[in-house]
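**Student:** One file: work18.cif (mmCIF, C-alpha atoms and all ligand atoms).
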```
data_my_file
loop_
_atom_site.label_atom_id
_atom_site.label_comp_id
_atom_site.auth_asym_id
_atom_site.auth_seq_id
_atom_site.Cartn_x
_atom_site.Cartn_y
_atom_site.Cartn_z
CA MET A 1182 -14.77 -7.09 20.86
CA SER A 1183 -13.45 -6.15 24.27
CA LYS A 1184 -10.77 -3.63 23.36
CA ASP A 1185 -11.23 -0.20 21.85
CA PHE A 1186 -9.81 0.32 18.40
CA LEU A 1187 -8.46 3.84 18.02
CA LEU A 1188 -8.01 5.38 14.62
CA TYR A 1189 -6.89 8.86 13.59
CA ASN A 1190 -9.68 10.44 11.57
CA ASN A 1191 -8.50 13.17 9.22
CA LEU A 1192 -12.02 14.53 8.93
CA THR A 1193 -12.17 15.44 12.62
CA GLN A 1194 -8.37 15.65 12.93
CA SER A 1195 -8.41 13.55 16.06
CA LYS A 1196 -7.82 10.02 17.23
CA GLU A 1197 -11.22 8.44 17.72
CA LYS A 1198 -12.67 5.20 18.94
CA PHE A 1199 -13.73 3.24 15.89
CA ILE A 1200 -17.49 2.66 16.01
CA PRO A 1201 -18.76 0.92 12.88
CA LEU A 1202 -22.02 1.93 11.24
CA ASP A 1203 -23.00 -1.73 11.37
CA GLU A 1204 -20.99 -4.25 13.44
CA LYS A 1205 -22.07 -7.06 11.13
CA SER A 1206 -20.71 -5.38 8.03
CA ILE A 1207 -17.51 -3.36 8.26
CA ARG A 1208 -16.90 -1.37 5.08
CA MET A 1209 -13.63 0.13 3.87
CA TYR A 1210 -12.74 1.77 0.57
CA VAL A 1211 -9.16 2.53 -0.46
CA CYS A 1212 -8.13 4.34 -3.64
CA GLY A 1213 -6.18 1.87 -5.74
CA PRO A 1214 -3.65 2.32 -8.52
CA THR A 1215 -3.95 4.17 -11.79
CA VAL A 1216 -2.54 1.50 -14.06
CA TYR A 1217 -0.33 3.62 -16.32
CA ASP A 1218 3.15 2.71 -15.08
CA ASP A 1219 4.83 0.13 -12.85
CA PRO A 1220 3.95 0.82 -9.19
CA HIS A 1221 6.84 2.21 -7.13
CA ILE A 1222 7.83 2.01 -3.50
CA GLY A 1223 5.62 5.02 -2.66
CA ASN A 1224 2.63 3.03 -3.95
CA ALA A 1225 3.68 0.04 -1.84
CA ARG A 1226 3.12 1.89 1.42
CA PRO A 1227 -0.69 2.24 1.26
CA LEU A 1228 -0.92 -1.36 0.02
CA VAL A 1229 0.79 -2.63 3.17
CA ILE A 1230 -0.78 -0.13 5.58
CA PHE A 1231 -4.36 -0.75 4.50
CA ASP A 1232 -3.68 -4.47 4.35
CA LEU A 1233 -2.72 -4.17 8.01
CA LEU A 1234 -5.90 -2.24 8.78
CA PHE A 1235 -7.88 -4.92 6.91
CA ARG A 1236 -6.21 -7.62 9.05
CA ALA A 1237 -6.97 -5.73 12.28
CA LEU A 1238 -10.64 -5.27 11.31
CA ARG A 1239 -10.97 -8.93 10.33
CA PHE A 1240 -9.57 -9.94 13.69
CA LEU A 1241 -11.91 -7.62 15.59
CA TYR A 1242 -15.13 -8.28 13.69
CA GLY A 1243 -14.61 -11.59 11.88
CA ASN A 1244 -13.05 -12.41 8.53
CA LYS A 1245 -16.31 -12.58 6.63
CA LYS A 1246 -17.70 -9.36 8.04
CA VAL A 1247 -15.16 -6.97 6.55
CA ASN A 1248 -15.71 -5.67 3.05
CA TYR A 1249 -12.57 -4.07 1.64
CA VAL A 1250 -12.85 -2.40 -1.76
CA ARG A 1251 -9.80 -1.19 -3.66
CA ASN A 1252 -10.46 0.18 -7.12
CA ILE A 1253 -8.45 0.04 -10.32
CA THR A 1254 -8.32 3.28 -12.32
CA ASP A 1255 -8.04 2.08 -15.90
CA VAL A 1256 -9.22 5.22 -17.69
CA ASP A 1257 -7.34 8.44 -17.05
CA ASP A 1258 -5.29 11.17 -18.74
CA LYS A 1259 -2.05 9.57 -17.47
CA ILE A 1260 -2.97 6.23 -19.05
CA ILE A 1261 -3.71 7.84 -22.41
CA GLU A 1262 -0.43 9.75 -22.29
CA SER A 1263 1.58 6.68 -21.24
CA SER A 1264 0.07 4.43 -23.95
CA GLN A 1265 0.97 7.03 -26.59
CA LYS A 1266 4.50 7.36 -25.26
CA LYS A 1267 5.00 3.58 -25.00
CA LYS A 1268 3.26 3.06 -28.37
CA ILE A 1269 0.98 0.29 -27.11
CA SER A 1270 -2.80 0.16 -26.95
CA ILE A 1271 -4.55 1.35 -23.79
CA SER A 1272 -5.98 -2.08 -23.14
CA ASP A 1273 -2.60 -3.81 -23.55
CA LEU A 1274 -0.99 -1.24 -21.28
CA THR A 1275 -3.58 -1.47 -18.49
CA LYS A 1276 -3.63 -5.29 -18.64
CA LYS A 1277 0.16 -5.45 -18.40
CA ILE A 1278 0.41 -2.97 -15.51
CA LEU A 1279 -2.49 -4.59 -13.66
CA LYS A 1280 -0.84 -8.02 -13.87
CA ASN A 1281 2.36 -6.49 -12.60
CA PHE A 1282 0.47 -4.72 -9.80
CA HIS A 1283 -1.05 -8.01 -8.62
CA GLU A 1284 2.39 -9.62 -8.60
CA ASP A 1285 3.60 -6.69 -6.49
CA CYS A 1286 0.74 -7.23 -4.02
CA ASP A 1287 1.65 -10.92 -3.67
CA TYR A 1288 5.30 -10.04 -3.24
CA LEU A 1289 4.39 -7.64 -0.43
CA GLY A 1290 2.31 -10.33 1.28
CA CYS A 1291 -0.99 -8.45 0.99
CA LEU A 1292 -4.34 -10.17 1.34
CA LYS A 1293 -6.70 -9.77 -1.60
CA PRO A 1294 -9.38 -7.12 -1.11
CA THR A 1295 -13.00 -8.28 -1.14
CA HIS A 1296 -13.69 -6.39 -4.36
CA GLU A 1297 -11.38 -4.84 -6.91
CA PRO A 1298 -13.65 -2.97 -9.32
CA LYS A 1299 -12.38 -1.37 -12.51
CA ALA A 1300 -13.46 2.11 -13.56
CA THR A 1301 -14.14 1.07 -17.18
CA GLU A 1302 -16.65 -1.51 -15.95
CA HIS A 1303 -18.66 1.15 -14.09
CA ILE A 1304 -19.24 3.82 -16.72
CA LYS A 1305 -23.01 3.28 -16.55
CA GLU A 1306 -23.00 4.11 -12.82
CA MET A 1307 -20.88 7.21 -13.48
CA ILE A 1308 -23.28 8.51 -16.13
CA GLU A 1309 -26.12 7.84 -13.71
CA MET A 1310 -24.52 9.86 -10.90
CA THR A 1311 -23.70 12.71 -13.28
CA LYS A 1312 -27.36 12.81 -14.33
CA ILE A 1313 -28.48 12.98 -10.68
CA LEU A 1314 -26.05 15.82 -9.95
CA LEU A 1315 -27.31 17.74 -13.01
CA ASP A 1316 -30.95 17.17 -12.00
CA LYS A 1317 -30.26 18.38 -8.48
CA LYS A 1318 -28.42 21.42 -9.90
CA PHE A 1319 -25.12 20.55 -8.24
CA ALA A 1320 -23.61 20.28 -11.71
CA TYR A 1321 -23.77 22.20 -14.98
CA GLU A 1322 -22.93 21.57 -18.62
CA LYS A 1323 -20.64 23.72 -20.73
CA ASN A 1324 -19.48 22.69 -24.22
CA SER A 1325 -20.22 19.00 -23.53
CA ASN A 1326 -18.23 19.16 -20.28
CA ILE A 1327 -20.12 18.51 -17.07
CA TYR A 1328 -18.72 20.24 -14.00
CA PHE A 1329 -19.54 19.93 -10.35
CA ASP A 1330 -20.40 23.40 -9.00
CA VAL A 1331 -18.51 23.64 -5.70
CA SER A 1332 -20.32 26.87 -4.74
CA LYS A 1333 -23.49 24.77 -4.36
CA TYR A 1334 -22.02 22.64 -1.62
CA SER A 1335 -21.43 24.60 1.56
CA ASN A 1336 -19.24 21.93 3.20
CA TYR A 1337 -16.70 21.87 0.38
CA GLY A 1338 -13.22 21.92 1.91
CA GLN A 1339 -14.24 20.02 5.07
CA LEU A 1340 -11.54 17.35 4.70
CA SER A 1341 -8.65 19.46 3.44
CA LYS A 1342 -9.64 22.28 5.84
CA LYS A 1343 -9.36 24.87 3.08
CA ASN A 1344 -11.84 27.48 1.90
CA ILE A 1345 -12.77 27.90 -1.75
CA SER A 1346 -10.51 30.90 -2.41
CA GLU A 1347 -7.52 28.99 -1.00
CA LEU A 1348 -8.45 26.04 -3.16
CA GLU A 1349 -8.73 28.13 -6.29
CA ALA A 1350 -5.21 29.39 -5.71
CA GLY A 1351 -4.02 25.79 -5.47
CA ALA A 1352 -1.77 24.58 -8.27
CA ARG A 1353 -3.56 21.25 -8.60
CA VAL A 1354 -6.84 22.77 -9.77
CA GLU A 1355 -7.13 22.47 -13.53
CA LYS A 1356 -7.90 25.87 -15.09
CA SER A 1357 -10.56 26.17 -17.80
CA LYS A 1358 -12.65 28.88 -19.47
CA ASN A 1359 -15.65 26.55 -19.33
CA LYS A 1360 -15.78 26.62 -15.55
CA LYS A 1361 -17.94 28.98 -13.48
CA ASN A 1362 -15.50 28.78 -10.57
CA GLN A 1363 -11.96 27.53 -11.07
CA SER A 1364 -12.32 24.99 -8.24
CA ASP A 1365 -15.26 23.31 -10.05
CA PHE A 1366 -14.21 19.89 -11.25
CA VAL A 1367 -15.04 17.65 -14.18
CA LEU A 1368 -17.60 14.87 -13.90
CA TRP A 1369 -17.72 14.08 -17.61
CA LYS A 1370 -15.75 15.37 -20.60
CA PRO A 1371 -15.75 14.84 -24.36
CA SER A 1372 -13.11 12.43 -25.67
CA LYS A 1373 -10.71 13.37 -28.42
CA ASP A 1374 -10.49 11.10 -31.48
CA ASN A 1375 -7.74 8.83 -30.18
CA GLU A 1376 -9.09 8.63 -26.63
CA PRO A 1377 -11.37 6.00 -25.06
CA ALA A 1378 -15.00 7.08 -25.37
CA TRP A 1379 -18.42 5.99 -24.18
CA GLU A 1380 -21.87 7.11 -25.36
CA SER A 1381 -23.57 9.47 -22.94
CA PRO A 1382 -26.47 11.97 -22.96
CA TRP A 1383 -23.80 14.65 -23.52
CA GLY A 1384 -22.11 13.02 -26.48
CA LYS A 1385 -19.20 10.58 -26.66
CA GLY A 1386 -16.92 11.12 -23.73
CA ARG A 1387 -15.23 9.80 -20.62
CA PRO A 1388 -15.52 10.37 -16.88
CA GLY A 1389 -13.44 12.69 -14.71
CA TRP A 1390 -11.16 10.81 -12.36
CA HIS A 1391 -12.92 11.50 -9.03
CA LEU A 1392 -16.29 10.15 -10.08
CA GLU A 1393 -15.35 6.46 -10.20
CA CYS A 1394 -14.62 6.22 -6.45
CA SER A 1395 -17.98 7.78 -5.56
CA CYS A 1396 -19.80 5.32 -7.84
CA MET A 1397 -17.89 2.17 -7.00
CA SER A 1398 -17.95 2.75 -3.25
CA LYS A 1399 -21.72 3.27 -3.51
CA LYS A 1400 -22.18 0.08 -5.49
CA TYR A 1401 -20.09 -2.18 -3.25
CA LEU A 1402 -20.37 -0.50 0.16
CA GLY A 1403 -23.51 1.63 0.08
CA LYS A 1404 -24.09 5.38 0.30
CA GLU A 1405 -22.40 5.58 3.69
CA PHE A 1406 -19.57 3.42 4.90
CA ASP A 1407 -16.95 3.28 7.66
CA ILE A 1408 -13.43 3.94 6.42
CA HIS A 1409 -12.01 5.66 3.37
CA GLY A 1410 -8.27 5.43 2.90
CA GLY A 1411 -5.48 6.48 0.60
CA GLY A 1412 -2.22 8.39 0.41
CA ILE A 1413 -2.03 11.84 1.99
CA ASP A 1414 -1.64 13.39 -1.49
CA LEU A 1415 -5.19 12.31 -2.32
CA ILE A 1416 -6.89 14.50 0.31
CA PHE A 1417 -7.17 17.37 -2.13
CA PRO A 1418 -8.65 17.47 -4.67
CA HIS A 1419 -9.54 13.78 -5.04
CA HIS A 1420 -11.10 12.94 -1.67
CA GLU A 1421 -12.63 16.36 -1.22
CA ASN A 1422 -14.36 15.92 -4.57
CA GLU A 1423 -15.49 12.39 -3.80
CA ILE A 1424 -17.26 13.67 -0.67
CA ALA A 1425 -18.94 16.53 -2.56
CA GLN A 1426 -20.22 14.28 -5.37
CA SER A 1427 -21.42 11.50 -3.10
CA VAL A 1428 -23.10 13.56 -0.41
CA CYS A 1429 -24.88 15.75 -2.99
CA ALA A 1430 -25.94 12.90 -5.28
CA ASN A 1431 -26.99 10.53 -2.49
CA GLY A 1432 -28.59 13.11 -0.18
CA THR A 1433 -26.74 11.71 2.83
CA LYS A 1434 -25.05 13.38 5.77
CA TYR A 1435 -21.89 11.37 5.52
CA PHE A 1436 -19.94 9.66 2.83
CA ALA A 1437 -17.23 7.89 4.80
CA LYS A 1438 -17.13 8.24 8.57
CA TYR A 1439 -13.36 7.84 9.10
CA TRP A 1440 -10.74 9.18 6.71
CA VAL A 1441 -7.32 7.55 7.04
CA HIS A 1442 -4.25 8.69 5.09
CA ASN A 1443 -0.68 7.41 4.96
CA GLY A 1444 2.35 9.70 4.75
CA PHE A 1445 4.91 10.10 1.97
CA ILE A 1446 8.02 8.07 1.26
CA THR A 1447 11.26 9.92 0.62
CA MET A 1448 14.30 8.39 -1.06
CA ASN A 1449 17.56 9.00 0.84
CA SER A 1450 15.88 12.10 2.34
CA GLU A 1451 14.91 13.43 -1.10
CA LYS A 1452 11.48 13.72 -2.60
CA MET A 1453 10.80 10.89 -5.05
CA ALA A 1454 10.28 12.25 -8.52
CA LYS A 1455 10.68 11.15 -12.10
CA SER A 1456 12.68 14.30 -12.79
CA VAL A 1457 15.19 13.39 -10.05
CA GLY A 1458 15.33 9.80 -11.35
CA ASN A 1459 15.12 8.31 -7.85
CA ILE A 1460 11.98 6.24 -8.25
CA ILE A 1461 12.34 2.55 -7.36
CA THR A 1462 9.67 0.29 -8.81
CA ILE A 1463 8.44 -2.66 -6.76
CA LYS A 1464 9.09 -4.87 -9.78
CA ASN A 1465 12.80 -4.01 -9.65
CA LEU A 1466 12.94 -4.69 -5.93
CA ARG A 1467 11.49 -8.15 -6.47
CA ASN A 1468 14.73 -9.44 -7.97
CA SER A 1469 17.02 -8.24 -5.26
CA ILE A 1470 15.13 -8.06 -1.95
CA ASN A 1471 12.78 -10.53 -0.34
CA GLY A 1472 9.25 -9.07 -0.08
CA GLN A 1473 9.18 -9.74 3.67
CA ILE A 1474 12.04 -7.25 4.09
CA VAL A 1475 10.17 -4.58 2.12
CA ARG A 1476 7.04 -5.24 4.14
CA LEU A 1477 8.84 -4.89 7.49
CA ALA A 1478 10.65 -1.75 6.27
CA LEU A 1479 7.32 -0.18 5.24
CA MET A 1480 5.89 -0.83 8.69
CA SER A 1481 8.92 0.50 10.55
CA ALA A 1482 7.53 4.05 10.81
CA HIS A 1483 4.05 5.01 11.94
CA TYR A 1484 1.82 5.19 8.85
CA LYS A 1485 1.03 8.89 9.29
CA GLN A 1486 4.70 9.85 9.43
CA PRO A 1487 6.97 10.23 6.42
CA LEU A 1488 9.22 7.22 5.81
CA ASP A 1489 12.72 7.51 4.39
CA TRP A 1490 13.77 4.66 2.11
CA ASN A 1491 17.51 3.98 2.29
CA ASP A 1492 20.04 1.14 2.48
CA LYS A 1493 20.28 1.35 6.26
CA LEU A 1494 16.55 0.71 6.58
CA ILE A 1495 16.73 -2.27 4.22
CA ASN A 1496 19.75 -3.76 5.99
CA GLU A 1497 18.21 -3.35 9.42
CA SER A 1498 14.99 -4.98 8.24
CA LYS A 1499 16.91 -7.81 6.61
CA ASN A 1500 19.01 -8.45 9.72
CA THR A 1501 15.93 -8.42 11.93
CA LEU A 1502 14.13 -10.95 9.77
CA ASP A 1503 17.22 -13.12 9.50
CA LYS A 1504 17.30 -13.28 13.27
CA TRP A 1505 13.56 -13.82 13.57
CA TYR A 1506 13.60 -16.63 11.01
CA GLU A 1507 15.82 -18.58 13.43
CA GLU A 1508 12.68 -18.90 15.56
CA TYR A 1509 10.43 -19.80 12.62
CA LEU A 1510 7.64 -22.28 13.25
CA ASN A 1511 5.93 -23.98 10.35
CA GLN A 1512 2.36 -23.43 11.44
CA LYS A 1513 -0.19 -20.83 10.61
CA ASN A 1514 -2.62 -19.96 13.34
CA ASN A 1515 -3.70 -16.39 13.89
CA GLU A 1516 -7.13 -17.05 15.24
CA ASP A 1517 -6.35 -17.44 18.93
CA ILE A 1518 -3.75 -14.70 19.17
CA ASP A 1519 -3.66 -12.98 22.55
CA GLU A 1520 -5.44 -9.62 22.20
CA LYS A 1521 -2.92 -8.03 24.59
CA ILE A 1522 -0.19 -8.55 22.00
CA LEU A 1523 -2.21 -6.54 19.52
CA LEU A 1524 -2.66 -3.48 21.74
CA PRO A 1525 -0.14 -1.29 19.87
CA LEU A 1526 -1.91 -2.02 16.59
CA LEU A 1527 -5.27 -1.18 18.11
CA ASN A 1528 -3.83 2.20 19.00
CA ASP A 1529 -4.01 3.77 15.53
CA LEU A 1530 -1.89 1.01 13.94
CA ASN A 1531 1.21 1.85 15.93
CA THR A 1532 3.57 -0.43 14.02
CA PRO A 1533 6.86 0.84 15.56
CA ALA A 1534 5.54 -0.09 19.03
CA TYR A 1535 4.30 -3.43 17.70
CA ILE A 1536 7.67 -4.20 16.14
CA ALA A 1537 9.37 -3.28 19.43
CA SER A 1538 7.14 -5.80 21.18
CA LEU A 1539 8.07 -8.41 18.56
CA HIS A 1540 11.72 -7.97 19.55
CA VAL A 1541 10.77 -8.71 23.16
CA LEU A 1542 8.73 -11.76 22.11
CA TYR A 1543 11.67 -12.94 20.01
CA GLU A 1544 14.00 -12.86 23.03
CA LYS A 1545 11.43 -14.79 25.05
CA SER A 1546 11.07 -17.30 22.23
CA LYS A 1547 14.81 -17.79 21.93
CA ASN A 1548 15.17 -18.50 25.63
CA GLY A 1549 11.78 -20.05 26.25
CA ASN A 1550 9.65 -23.05 25.42
CA ASN A 1551 7.50 -24.00 22.46
CA GLU A 1552 4.59 -21.85 23.69
CA ASP A 1553 6.83 -18.76 23.59
CA LYS A 1554 7.91 -19.69 20.10
CA LYS A 1555 4.29 -20.10 19.04
CA ARG A 1556 3.32 -16.70 20.49
CA PHE A 1557 6.20 -15.03 18.67
CA ASN A 1558 5.29 -16.66 15.35
CA GLN A 1559 1.61 -15.79 15.74
CA ALA A 1560 2.47 -12.16 16.43
CA CYS A 1561 4.70 -12.03 13.33
CA ASN A 1562 2.15 -13.79 11.15
CA PHE A 1563 -0.52 -11.34 12.21
CA ILE A 1564 1.21 -8.50 10.41
CA GLY A 1565 2.20 -10.69 7.47
CA LEU A 1566 5.72 -11.61 8.59
CA LEU A 1567 7.35 -15.06 8.78
CA THR A 1568 4.63 -16.07 6.38
CA GLU A 1569 7.15 -17.53 3.96
CA THR A 1570 8.73 -20.84 4.91
CA LYS A 1571 12.26 -20.80 6.27
CA SER A 1572 13.55 -22.70 3.25
CA LYS A 1573 12.00 -20.12 0.92
CA TRP A 1574 13.62 -17.36 2.95
CA ASP A 1575 17.01 -19.15 2.77
CA ASN A 1576 16.55 -19.95 -0.92
CA PHE A 1577 15.96 -16.34 -1.78
CA LYS A 1578 19.36 -15.52 -0.35
CA LYS A 1579 20.87 -18.52 -2.12
CA LYS A 1580 19.47 -17.33 -5.45
CA LYS A 1581 21.75 -14.35 -5.47
CA ILE A 1582 24.85 -16.40 -4.69
CA ASN A 1583 26.91 -17.44 -7.66
CA LEU A 1584 28.55 -20.29 -5.80
CA ASP A 1585 27.29 -23.81 -5.37
CA GLU A 1586 27.80 -25.67 -2.13
CA THR A 1587 30.79 -27.69 -3.41
CA GLU A 1588 32.62 -24.52 -4.29
CA ILE A 1589 31.86 -23.09 -0.86
CA THR A 1590 33.17 -26.15 0.99
CA THR A 1591 36.25 -26.27 -1.27
CA MET A 1592 37.02 -22.66 -0.40
CA ILE A 1593 36.50 -23.37 3.29
CA SER A 1594 38.90 -26.33 3.25
CA LYS A 1595 41.47 -24.19 1.40
CA ARG A 1596 41.05 -21.60 4.14
CA ASN A 1597 41.44 -24.23 6.87
CA LYS A 1598 44.61 -25.47 5.21
CA ALA A 1599 45.94 -21.89 5.12
CA ARG A 1600 45.11 -21.45 8.80
CA ASN A 1601 46.90 -24.70 9.67
CA ASN A 1602 49.93 -23.40 7.79
CA LYS A 1603 49.57 -20.15 9.74
CA ASP A 1604 49.02 -18.29 6.47
CA PHE A 1605 46.44 -16.01 8.04
CA LYS A 1606 46.67 -13.51 5.23
CA LEU A 1607 45.41 -16.08 2.74
CA ALA A 1608 42.83 -17.37 5.23
CA ASP A 1609 41.43 -13.88 5.70
CA LYS A 1610 41.45 -13.29 1.98
CA ILE A 1611 39.33 -16.41 1.39
CA ARG A 1612 36.95 -15.42 4.17
CA ASP A 1613 36.52 -11.95 2.67
CA GLU A 1614 35.98 -13.43 -0.77
CA LEU A 1615 33.23 -15.67 0.57
CA TYR A 1616 31.70 -12.73 2.44
CA GLN A 1617 31.61 -10.69 -0.74
CA LYS A 1618 29.78 -13.54 -2.41
CA GLY A 1619 27.18 -13.65 0.35
CA ILE A 1620 28.57 -16.42 2.56
CA LEU A 1621 29.23 -15.95 6.24
CA ILE A 1622 31.61 -18.34 7.97
CA GLU A 1623 31.98 -19.03 11.64
CA ASP A 1624 34.79 -20.78 13.50
CA LYS A 1625 33.67 -22.52 16.64
CA ASP A 1626 35.24 -25.38 18.62
CA ASP A 1627 37.73 -26.17 15.87
CA LYS A 1628 34.92 -26.43 13.37
CA THR A 1629 34.04 -24.06 10.54
CA THR A 1630 30.40 -23.64 9.60
CA TRP A 1631 28.87 -21.40 6.97
CA LYS A 1632 25.56 -19.76 6.26
CA TYR A 1633 24.03 -17.36 3.77
CA LYS A 1634 24.41 -13.74 4.75
ZN ZN B 1701 -10.37 7.44 -5.15
#
```
Is it possible to give me this structure as structure tokens?
**Tutor:**
Amino acid sequence: MSKDFLLYNNLTQSKEKFIPLDEKSIRMYVCGPTVYDDPHIGNARPLVIFDLLFRALRFLYGNKKVNYVRNITDVDDKIIESSQKKKISISDLTKKILKNFHEDCDYLGCLKPTHEPKATEHIKEMIEMTKILLDKKFAYEKNSNIYFDVSKYSNYGQLSKKNISELEAGARVEKSKNKKNQSDFVLWKPSKDNEPAWESPWGKGRPGWHLECSCMSKKYLGKEFDIHGGGIDLIFPHHENEIAQSVCANGTKYFAKYWVHNGFITMNSEKMAKSVGNIITIKNLRNSINGQIVRLALMSAHYKQPLDWNDKLINESKNTLDKWYEEYLNQKNNEDIDEKILLPLLNDLNTPAYIASLHVLYEKSKNGNNEDKKRFNQACNFIGLLTETKSKWDNFKKKKINLDETEITTMISKRNKARNNKDFKLADKIRDELYQKGILIEDKDDKTTWKYK
């Protein structure tokens, strides 16, 4: 690799040159979904951002050398609550949401991670790590609950940059009489009668949420690995607790070397929340917007910045892609892409700058030769755009139109007749009607052509 890859590391709070622990095996772990409800647009952002990081690492180090693990949380308080509310079994619920999640990933044009481990298939590893933490006196038992004792780990708070008293005041720390310190967190807890339960040395129970990521990253990536990612809301307590568990159980200096977090999504400048009722699920988007548009919209702001989701953003992304699809080439070839084109991405995944350079490449392609067109397509493909065929792109627009082509041409000839009769009012009315139905017409050199909006 000849170019430096710069990445903002939340642990050191600075942009650093990415230096892998082992150039032959690049390892990245990203916290995946808790499969309790249909993923929403806020969940789509890390999917696309870390997919982009995965693509950049594959380009720099080789496709086979990058190991990307994204877990599935399929045991959790939220899942139990949701299955009771929806009156379906936990296994039916998690299967259904997981299937939906995978369809969302395909829709967003994301590559499959190398491993996608499920929490419920790693209970043995979680019991094992809990035992180690108890043996090493980093954890204690109280009424069949096992807690991690944060006072035993002097670096606790290193990622969130908070001290223990600040953390204890935090609203997200679950209060309990069983705890020695309120910022201690659960490694294992007893299950109630109607909850999933596994045999353990401390009775029938289930793991605390944080433990699975420490165990699954260890299993698939080793005790120390390069990049840990997730949404900014996961820094505390989830990621802080993952570090504490892993470092103390494994006796290592590090857990992950680089910590990368994406910013929030707001909805028309408002916070997305169930109580506000402004949550858009990806599943709902699938019927009305092409996934390529959503993908481009999600990359339009730098990943660390907040992103506002609104109609203007969608329309701009749609219009851009419509234009870009005019230069579509039916060939997939990312391998020999010019590294210079990728420079903005190698600078902490600067997608706005990359998209700006795509606009320049588009202009060159439009006015240039086949090589220019190829370069433009390669650059789009690299970030997962123009990956659908042009006919699929056009068909998606057609799908929403309730007119067949005969009806369209009949309306156009009626309009032409009206224009010949100088009935411009009627002609305009027909044009507007077609526009409303998603058809754009153009008059040029005495000829009228039409296309899907
Ligand atoms: Zn996690």
**Student:** Could you give me, as a list in words, every polymer residue with an atom at most 9 Å away from an atom of ligand ZN 1701 (chain B), counting all atoms listed in the file?
**Tutor:** Tyr1210, Val1211, Cys1212, Gly1213, Arg1251, Asn1252, Thr1254, Trp1390, His1391, Leu1392, Glu1393, Cys1394, Ser1395, His1409, Gly1410, Gly1411, Leu1415, His1419, His1420 and Glu1423 of chain A
**Student:** When you look at stretch 1244-1249 of chain A with a cut-off of 10 Å (counting only C-alpha atoms), what residues show up, excluding the ones that are within fewer than 4 positions of it in the same chain? I need them as a ChimeraX atom specification.
**Tutor:** /A:1203-1211,1231-1232,1234-1240,1293-1297,1398,1401-1402,1408-1409
**Student:** Rounded to one decimal in Å, what is the spacing between atom CA of A:Pro1388 and atom CA of A:Trp1369?
**Tutor:**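 According to the coordinates, atom CA of A:Pro1388 and atom CA of A:Trp1369 are separated by 4.4 Å.
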**Student:** Could you produce a table of the residues of stretch 1512-1609 of chain A lying within 10 Å of stretch 1484-1507 of chain A, with the nearest pair of atoms per residue and their separation in Å rounded to one decimal, using all atoms listed in the file, ordered by chain and increasing residue number, as a tab-separated table?
**Tutor:**
```
residue	atom	partner	partner_atom	distance
A:Asp1529	CA	A:Tyr1484	CA	9.0
A:Leu1530	CA	A:Tyr1484	CA	7.6
A:Asn1531	CA	A:Tyr1484	CA	7.9
A:Thr1532	CA	A:Tyr1484	CA	7.8
A:Pro1533	CA	A:Tyr1484	CA	9.5
A:Leu1539	CA	A:Trp1505	CA	9.2
A:His1540	CA	A:Trp1505	CA	8.6
A:Tyr1543	CA	A:Trp1505	CA	6.8
A:Glu1544	CA	A:Trp1505	CA	9.5
A:Ser1546	CA	A:Trp1505	CA	9.7
A:Lys1547	CA	A:Glu1507	CA	8.6
A:Phe1557	CA	A:Trp1505	CA	9.0
A:Asn1558	CA	A:Trp1505	CA	8.9
A:Cys1561	CA	A:Trp1505	CA	9.0
A:Leu1566	CA	A:Leu1502	CA	8.5
A:Leu1567	CA	A:Tyr1506	CA	6.8
A:Glu1569	CA	A:Tyr1506	CA	9.6
A:Thr1570	CA	A:Tyr1506	CA	8.9
A:Lys1571	CA	A:Tyr1506	CA	6.5
A:Ser1572	CA	A:Tyr1506	CA	9.9
A:Trp1574	CA	A:Tyr1506	CA	8.1
A:Asp1575	CA	A:Asp1503	CA	9.0
```
**Student:** Have a look at A:Leu1314, A:Ile1593, A:Ile1536, A:Ala1225 and name the one nearest to A:Leu1523; count only C-alpha atoms.
**Tutor:**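 Distance minimum relative to A:Leu1523 lands on A:Ile1536.
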**Student:** Which of these residues is nearest to A:Phe1329, using all atoms listed in the file: A:Thr1215, A:Gln1265, A:Asn1511, A:Asn1362?
**Tutor:**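 Comparing A:Thr1215, A:Gln1265, A:Asn1511, A:Asn1362 against A:Phe1329, the winner is A:Asn1362.
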**Student:** From the list A:Phe1199, A:Phe1605, A:Tyr1321, A:Phe1417, which residue is nearest A:Lys1370 when using all atoms listed in the file?
**Tutor:**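 Answer, going by the shortest atom-to-atom distance: A:Tyr1321.
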**Student:** How many Å lie between atom CA of A:His1483 and atom CA of A:Ile1230, rounded to one decimal?
**Tutor:**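 Between atom CA of A:His1483 and atom CA of A:Ile1230 the gap works out to 9.5 Å.
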**Student:** Find the distance between atom CA of A:Met1310 and atom CA of A:Gly1403 and write it in Å to one decimal.
**Tutor:**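 Pair atom CA of A:Met1310 / atom CA of A:Gly1403 returns 13.8 Å.
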**Student:** Just want the 10 Å neighbourhood of A:Ser1372, counted on all atoms listed in the file, with same-chain residues fewer than 5 positions away dropped. Output as number ranges by chain.
**Tutor:** A: 1325, 1377-1379, 1384-1388
